[in-house]
>>> print(open('structure-v3.cif').read())   # mmCIF, C-alpha atoms
data_input
#
loop_
_atom_site.group_PDB
_atom_site.id
_atom_site.type_symbol
_atom_site.label_atom_id
_atom_site.label_comp_id
_atom_site.auth_asym_id
_atom_site.auth_seq_id
_atom_site.Cartn_x
_atom_site.Cartn_y
_atom_site.Cartn_z
ATOM 1 C CA MET A 1 0.000 0.000 0.000
ATOM 2 C CA TYR A 2 2.701 2.463 1.054
ATOM 3 C CA LYS A 3 4.747 1.476 -1.968
ATOM 4 C CA LYS A 4 1.871 2.381 -4.287
ATOM 5 C CA ILE A 5 1.413 5.717 -2.547
ATOM 6 C CA THR A 6 5.127 6.454 -2.853
ATOM 7 C CA LEU A 7 5.144 5.504 -6.519
ATOM 8 C CA GLY A 8 2.091 7.698 -7.050
ATOM 9 C CA ILE A 9 3.803 10.697 -5.441
ATOM 10 C CA VAL A 10 6.949 10.126 -7.501
ATOM 11 C CA ALA A 11 4.911 9.838 -10.691
ATOM 12 C CA LEU A 12 3.029 13.019 -9.809
ATOM 13 C CA ALA A 13 6.281 14.873 -9.154
ATOM 14 C CA VAL A 14 7.768 13.699 -12.448
ATOM 15 C CA CYS A 15 4.666 14.687 -14.397
ATOM 16 C CA TRP A 16 4.550 18.077 -12.712
ATOM 17 C CA HIS A 17 8.206 18.779 -13.489
ATOM 18 C CA ILE A 18 7.575 17.858 -17.116
ATOM 19 C CA VAL A 19 4.624 20.261 -17.238
ATOM 20 C CA VAL A 20 6.696 23.053 -15.701
ATOM 21 C CA ALA A 21 9.548 22.366 -18.111
ATOM 22 C CA MET A 22 7.139 22.953 -20.983
ATOM 23 C CA ASN A 23 5.914 26.242 -19.470
ATOM 24 C CA ASP A 24 8.322 29.138 -19.992
ATOM 25 C CA GLN A 25 6.380 31.397 -17.602
ATOM 26 C CA ILE A 26 7.138 29.497 -14.385
ATOM 27 C CA THR A 27 10.099 27.610 -12.964
ATOM 28 C CA VAL A 28 10.666 24.962 -10.278
ATOM 29 C CA CYS A 29 12.113 26.357 -7.037
ATOM 30 C CA GLY A 30 11.610 23.426 -4.662
ATOM 31 C CA LEU A 31 9.693 20.198 -4.113
ATOM 32 C CA PHE A 32 6.262 20.866 -5.637
ATOM 33 C CA LEU A 33 7.073 24.597 -5.538
ATOM 34 C CA SER A 34 7.162 27.022 -8.443
ATOM 35 C CA LYS A 35 7.523 30.749 -9.063
ATOM 36 C CA PRO A 36 7.478 33.134 -12.057
ATOM 37 C CA ALA A 37 10.418 32.284 -14.299
ATOM 38 C CA ASP A 38 11.592 35.808 -15.103
ATOM 39 C CA PRO A 39 12.229 38.838 -12.852
ATOM 40 C CA GLY A 40 9.506 41.462 -13.124
ATOM 41 C CA TYR A 41 6.640 38.967 -13.328
ATOM 42 C CA VAL A 42 4.182 38.193 -10.519
ATOM 43 C CA TRP A 43 1.259 35.858 -9.957
ATOM 44 C CA VAL A 44 -1.970 37.239 -11.406
ATOM 45 C CA ASP A 45 -4.024 36.712 -8.251
ATOM 46 C CA THR A 46 -1.574 37.949 -5.588
ATOM 47 C CA GLU A 47 0.675 40.301 -7.585
ATOM 48 C CA ASN A 48 3.835 38.956 -5.944
ATOM 49 C CA PRO A 49 6.473 36.458 -7.146
ATOM 50 C CA ASP A 50 6.542 34.321 -3.997
ATOM 51 C CA ALA A 51 7.009 30.564 -4.381
ATOM 52 C CA ARG A 52 3.829 28.480 -4.174
ATOM 53 C CA PHE A 53 2.719 24.857 -4.475
ATOM 54 C CA PHE A 54 1.933 23.671 -7.977
ATOM 55 C CA TRP A 55 -1.779 23.259 -7.233
ATOM 56 C CA GLN A 56 -1.877 26.979 -6.395
ATOM 57 C CA THR A 57 -0.216 27.987 -9.647
ATOM 58 C CA THR A 58 -1.992 30.634 -11.721
ATOM 59 C CA GLY A 59 -0.957 32.777 -14.658
ATOM 60 C CA VAL A 60 1.728 35.441 -14.365
ATOM 61 C CA LYS A 61 1.875 39.060 -15.469
ATOM 62 C CA TRP A 62 4.365 41.921 -15.675
ATOM 63 C CA ARG A 63 3.961 44.507 -12.901
ATOM 64 C CA ALA A 64 5.543 47.951 -12.508
ATOM 65 C CA GLY A 65 7.614 48.628 -9.395
ATOM 66 C CA VAL A 66 8.998 45.104 -8.910
ATOM 67 C CA ARG A 67 12.601 45.144 -7.735
ATOM 68 C CA HIS A 68 15.140 43.022 -9.563
ATOM 69 C CA PRO A 69 16.516 40.209 -7.362
ATOM 70 C CA THR A 70 20.110 40.860 -8.460
ATOM 71 C CA PHE A 71 20.492 44.439 -9.706
ATOM 72 C CA ASN A 72 19.566 47.868 -8.319
ATOM 73 C CA ALA A 73 16.697 48.238 -10.752
ATOM 74 C CA GLU A 74 12.910 47.991 -10.830
ATOM 75 C CA THR A 75 10.302 47.421 -13.508
ATOM 76 C CA THR A 76 8.446 50.165 -15.354
ATOM 77 C CA ALA A 77 4.914 49.880 -16.752
ATOM 78 C CA THR A 78 6.360 48.732 -20.092
ATOM 79 C CA VAL A 79 6.848 44.967 -20.304
ATOM 80 C CA GLY A 80 10.537 44.084 -20.243
ATOM 81 C CA ASP A 81 11.680 47.599 -19.346
ATOM 82 C CA TRP A 82 13.718 48.441 -16.240
ATOM 83 C CA ARG A 83 14.778 51.657 -14.557
ATOM 84 C CA PRO A 84 17.508 52.160 -11.946
ATOM 85 C CA LEU A 85 16.500 52.485 -8.305
ATOM 86 C CA PRO A 86 16.604 56.030 -6.869
ATOM 87 C CA GLY A 87 20.193 57.246 -6.606
ATOM 88 C CA TYR A 88 21.507 54.788 -9.196
ATOM 89 C CA ALA A 89 22.211 55.057 -12.921
ATOM 90 C CA PHE A 90 22.793 52.344 -15.508
ATOM 91 C CA THR A 91 26.394 51.953 -16.597
ATOM 92 C CA ASP A 92 25.264 50.732 -20.036
ATOM 93 C CA LYS A 93 21.631 49.644 -20.318
ATOM 94 C CA GLU A 94 22.211 48.130 -23.760
ATOM 95 C CA LYS A 95 24.632 45.634 -22.239
ATOM 96 C CA GLY A 96 22.842 44.869 -18.985
ATOM 97 C CA LEU A 97 21.302 46.170 -15.776
ATOM 98 C CA GLU A 98 24.519 46.955 -13.906
ATOM 99 C CA THR A 99 24.251 50.247 -12.041
ATOM 100 C CA VAL A 100 26.433 52.744 -10.213
ATOM 101 C CA TRP A 101 25.499 55.145 -7.407
ATOM 102 C CA GLU A 102 25.576 58.811 -8.499
ATOM 103 C CA ALA A 103 25.476 61.931 -6.346
ATOM 104 C CA GLY A 104 23.054 64.716 -7.237
ATOM 105 C CA LEU A 105 20.128 62.606 -8.500
ATOM 106 C CA LEU A 106 16.620 63.620 -7.428
ATOM 107 C CA HIS A 107 14.635 60.900 -5.658
ATOM 108 C CA SER A 108 11.576 59.754 -7.605
ATOM 109 C CA ASP A 109 9.337 59.682 -4.507
ATOM 110 C CA TYR A 110 10.806 62.269 -2.120
ATOM 111 C CA MET A 111 12.238 65.768 -2.351
ATOM 112 C CA ALA A 112 15.786 64.583 -1.765
ATOM 113 C CA TRP A 113 19.135 64.468 -3.553
ATOM 114 C CA SER A 114 21.499 61.501 -3.539
ATOM 115 C CA ASP A 115 24.654 62.183 -1.514
ATOM 116 C CA GLU A 116 28.251 61.249 -2.324
ATOM 117 C CA VAL A 117 27.916 58.296 0.070
ATOM 118 C CA GLU A 118 25.959 55.400 -1.448
ATOM 119 C CA GLY A 119 22.514 55.050 0.081
ATOM 120 C CA LYS A 120 22.576 58.458 1.775
ATOM 121 C CA TRP A 121 20.159 61.281 0.891
ATOM 122 C CA ILE A 122 20.069 65.050 1.430
ATOM 123 C CA PRO A 123 16.746 66.921 1.591
ATOM 124 C CA VAL A 124 16.107 69.447 -1.179
ATOM 125 C CA THR A 125 16.519 73.047 -0.039
ATOM 126 C CA GLY A 126 13.434 74.023 1.958
ATOM 127 C CA TYR A 127 12.538 70.460 2.952
ATOM 128 C CA ARG A 128 13.317 68.222 5.920
ATOM 129 C CA PHE A 129 13.044 64.482 6.492
ATOM 130 C CA VAL A 130 10.515 62.751 8.731
ATOM 131 C CA TYR A 131 12.174 59.714 10.288
ATOM 132 C CA GLN A 132 10.962 56.368 11.525
ATOM 133 C CA GLY A 133 13.864 55.044 13.519
ATOM 134 C CA ASP A 134 16.978 55.646 11.425
ATOM 135 C CA THR A 135 15.114 55.694 8.100
ATOM 136 C CA PHE A 136 13.360 58.709 6.596
ATOM 137 C CA ILE A 137 9.839 57.936 5.416
ATOM 138 C CA GLU A 138 8.764 61.339 4.133
ATOM 139 C CA SER A 139 10.058 64.749 3.081
ATOM 140 C CA VAL A 140 8.030 67.782 4.141
ATOM 141 C CA TRP A 141 8.294 71.516 3.543
ATOM 142 C CA ASP A 142 10.194 73.334 6.317
ATOM 143 C CA PRO A 143 9.212 77.046 6.324
ATOM 144 C CA GLY A 144 11.322 79.765 7.893
ATOM 145 C CA LYS A 145 14.640 77.937 7.628
ATOM 146 C CA ARG A 146 17.738 79.954 6.757
ATOM 147 C CA TYR A 147 20.318 78.502 4.367
ATOM 148 C CA ASP A 148 23.553 80.383 4.943
ATOM 149 C CA ASP A 149 25.354 78.686 2.056
ATOM 150 C CA LEU A 150 22.685 79.726 -0.453
ATOM 151 C CA LYS A 151 21.692 83.006 1.249
ATOM 152 C CA VAL A 152 17.976 82.170 1.074
ATOM 153 C CA ILE A 153 15.089 81.569 3.481
ATOM 154 C CA SER A 154 12.173 79.180 2.928
ATOM 155 C CA LEU A 155 8.795 80.940 3.046
ATOM 156 C CA PRO A 156 5.496 79.659 4.517
ATOM 157 C CA GLU A 157 4.275 78.860 0.991
ATOM 158 C CA LYS A 158 5.613 75.565 -0.333
ATOM 159 C CA ASP A 159 8.505 75.812 -2.824
ATOM 160 C CA GLN A 160 8.882 79.549 -2.316
ATOM 161 C CA TYR A 161 11.930 81.392 -1.011
ATOM 162 C CA LYS A 162 13.317 84.855 -0.429
ATOM 163 C CA PRO A 163 16.969 85.939 -0.475
ATOM 164 C CA PHE A 164 18.821 87.283 2.537
ATOM 165 C CA ALA A 165 18.732 91.049 2.978
ATOM 166 C CA GLY A 166 20.983 92.728 0.418
ATOM 167 C CA TYR A 167 20.726 89.905 -2.101
ATOM 168 C CA THR A 168 18.512 89.351 -5.122
ATOM 169 C CA PHE A 169 17.866 86.326 -7.321
ATOM 170 C CA VAL A 170 19.922 86.069 -10.505
ATOM 171 C CA GLU A 171 17.360 83.906 -12.335
ATOM 172 C CA PRO A 172 13.989 84.329 -10.596
ATOM 173 C CA GLY A 173 11.830 81.243 -10.963
ATOM 174 C CA LYS A 174 14.671 79.139 -12.372
ATOM 175 C CA SER A 175 17.277 78.791 -9.638
ATOM 176 C CA LEU A 176 18.214 79.904 -6.138
ATOM 177 C CA LYS A 177 21.387 81.676 -7.226
ATOM 178 C CA VAL A 178 21.681 85.108 -5.629
ATOM 179 C CA ILE A 179 23.911 88.136 -6.030
ATOM 180 C CA TRP A 180 24.745 91.000 -3.678
ATOM 181 C CA MET A 181 22.988 94.161 -4.866
ATOM 182 C CA PRO A 182 24.581 97.472 -3.735
ATOM 183 C CA GLY A 183 21.955 100.106 -2.938
ATOM 184 C CA LEU A 184 19.240 97.554 -2.169
ATOM 185 C CA VAL A 185 17.111 98.483 0.828
ATOM 186 C CA ASN A 186 17.523 96.108 3.773
ATOM 187 C CA SER A 187 14.345 94.008 3.905
ATOM 188 C CA ASP A 188 14.676 93.686 7.688
ATOM 189 C CA ASN A 189 15.667 97.304 8.380
ATOM 190 C CA PRO A 190 14.564 99.895 5.775
ATOM 191 C CA LYS A 191 16.898 102.465 7.332
ATOM 192 C CA LEU A 192 19.846 100.628 5.758
ATOM 193 C CA VAL A 193 20.888 99.951 2.180
ATOM 194 C CA ALA A 194 23.457 97.471 0.891
ATOM 195 C CA GLY A 195 26.972 98.846 0.586
ATOM 196 C CA THR A 196 29.379 98.391 -2.307
ATOM 197 C CA LYS A 197 31.197 95.540 -0.569
ATOM 198 C CA GLU A 198 29.219 92.356 0.030
ATOM 199 C CA GLY A 199 27.895 92.157 3.572
ATOM 200 C CA THR A 200 28.316 95.869 4.338
ATOM 201 C CA TRP A 201 25.538 98.389 4.984
ATOM 202 C CA LYS A 202 25.125 102.143 5.011
ATOM 203 C CA VAL A 203 22.403 104.481 6.185
ATOM 204 C CA ASN A 204 19.539 104.909 3.762
ATOM 205 C CA SER A 205 19.747 108.637 3.030
ATOM 206 C CA ARG A 206 16.873 108.815 0.573
ATOM 207 C CA SER A 207 13.290 107.714 0.398
ATOM 208 C CA TYR A 208 13.028 104.504 -1.532
ATOM 209 C CA ARG A 209 10.053 102.323 -2.285
ATOM 210 C CA GLN A 210 10.784 98.744 -3.160
ATOM 211 C CA THR A 211 8.643 97.161 -5.882
ATOM 212 C CA ASP A 212 8.259 93.628 -7.170
ATOM 213 C CA SER A 213 9.611 94.656 -10.555
ATOM 214 C CA GLU A 214 12.780 96.079 -9.009
ATOM 215 C CA VAL A 215 13.571 93.264 -6.620
ATOM 216 C CA PRO A 216 12.370 89.723 -7.391
ATOM 217 C CA TRP A 217 12.106 88.430 -3.832
ATOM 218 C CA VAL A 218 10.490 85.100 -4.295
ATOM 219 C CA VAL A 219 11.289 82.168 -6.523
ATOM 220 C CA ARG A 220 7.843 80.905 -7.443
ATOM 221 C CA LYS A 221 7.214 77.236 -8.198
ATOM 222 C CA ILE A 222 10.636 76.024 -9.250
ATOM 223 C CA ALA A 223 9.924 74.416 -12.631
ATOM 224 C CA GLY A 224 10.180 70.656 -12.772
ATOM 225 C CA ARG A 225 11.481 70.506 -9.176
ATOM 226 C CA ALA A 226 14.876 71.590 -10.535
ATOM 227 C CA ILE A 227 15.882 73.227 -7.271
ATOM 228 C CA ASP A 228 19.502 74.215 -6.705
ATOM 229 C CA HIS A 229 21.340 72.299 -4.036
ATOM 230 C CA VAL A 230 24.773 72.345 -2.479
ATOM 231 C CA PHE A 231 26.777 69.293 -1.414
#
>>> encode(input="structure-v3.cif", output="structure tokens")
Amino acid sequence: MYKKITLGIVALAVCWHIVVAMNDQITVCGLFLSKPADPGYVWVDTENPDARFFWQTTGVKWRAGVRHPTFNAETTATVGDWRPLPGYAFTDKEKGLETVWEAGLLHSDYMAWSDEVEGKWIPVTGYRFVYQGDTFIESVWDPGKRYDDLKVISLPEKDQYKPFAGYTFVEPGKSLKVIWMPGLVNSDNPKLVAGTKEGTWKVNSRSYRQTDSEVPWVVRKIAGRAIDHVF
């Protein structure tokens, strides 16, 4: 009796392996276990590539956002297409999915730049990280913060800034680059105007009314999130 049962199990296993061998969508990964054959594919009913028993096997499909098991890449919505994970760039996509970490890349999900150190991120100017333990889970706007290296201050309105007193934007709406402007009225103390030398002030000896056309204070809605940053 037991011999017949054993032979039946063996025969079933052999038949199942033959069936799997003829199916290029799934592959054997253990005794009576199978999984999608190619990276990027998931089971239709659960949308994950986890191993399952052969009697649970369903069809497979390509799904965006699936991480490659070997390379720092994930699937796009286009079948067979991959993109590097945030912070990485392909060395030569035509030859393979090998990647290299690059500093200065904008994160696809957060307002953050990749740092020189692999795996480390720097918040975009005006933003700060919200942490869960040692890992940041969100980037949020941080109004009223002064950036001494850039000479700008984040305003209450998201993605808007003003330069330090005495400075003006070089390319309003395009970058956060500023330049010292002699004669500019001090935005914090109208009794002073910027001197000839950067960082110096002199008494405002004449009546002066500042207008938006004369001094572009605020960078409005940095196009395409192309916000200047400093490493």
>>> residues_around(input="structure-v3.cif", residues="region 133-148 of chain A", least_positions_apart="2", cutoff="8 Å", atoms="all atoms listed in the file", output="list of chain:residue names")
A:Tyr110, A:Met111, A:Ala112, A:Pro123, A:Thr125, A:Gly126, A:Tyr127, A:Arg128, A:Phe129, A:Val130, A:Tyr131, A:Leu150, A:Lys151, A:Val152, A:Ile153, A:Ser154, A:Leu155, A:Pro156, A:Glu157, A:Lys158, A:Asp159
>>> resolve_selection(input="structure-v3.cif", expression="the PyMOL selection byres ((chain A and resi 107) around 10)", output="list in words")
Leu85, Pro86, Gly87, Tyr88, Gly104, Leu105, Leu106, Ser108, Asp109, Tyr110, Met111, Ala112, Trp113, Ser114, Trp121, Ile122, Pro123 and Val124 of chain A
>>> atom_distance(input="structure-v3.cif", atom1="CA of Gly166 (chain A)", atom2="CA of Ala194 (chain A)")
5.4 Å
>>> atom_distance(input="structure-v3.cif", atom1="CA of Gly199 (chain A)", atom2="CA of Tyr161 (chain A)")
19.8 Å
>>> residues_near_point(input="structure-v3.cif", point="(5.4, 40.6, -16.3)", cutoff="6 Å", atoms="only C-alpha atoms", output="list in words")
Gly40, Tyr41, Lys61, Trp62 and Arg63 of chain A
>>> resolve_selection(input="structure-v3.cif", expression="the PyMOL selection byres ((chain A and resi 98) around 10)", output="JSON, numbers by chain")
{"A": [70, 71, 72, 73, 84, 88, 89, 90, 91, 92, 93, 95, 96, 97, 99, 100]}
>>> closest_residue(input="structure-v3.cif", among="A:Asp149, A:Thr200, A:Lys191, A:Val44", to="Lys177 (chain A)", atoms="all atoms listed in the file")
A:Asp149
>>> atom_distance(input="structure-v3.cif", atom1="CA of Tyr167 (chain A)", atom2="CA of Asn189 (chain A)")
13.8 Å
>>> axis_aligned_box(input="structure-v3.cif", around="region 105-110 of chain A", padding_each_side="6 Å", output="lines of an AutoDock Vina configuration file")
center_x = 14.7
center_y = 61.7
center_z = -5.3
size_x = 22.8
size_y = 15.9
size_z = 18.4
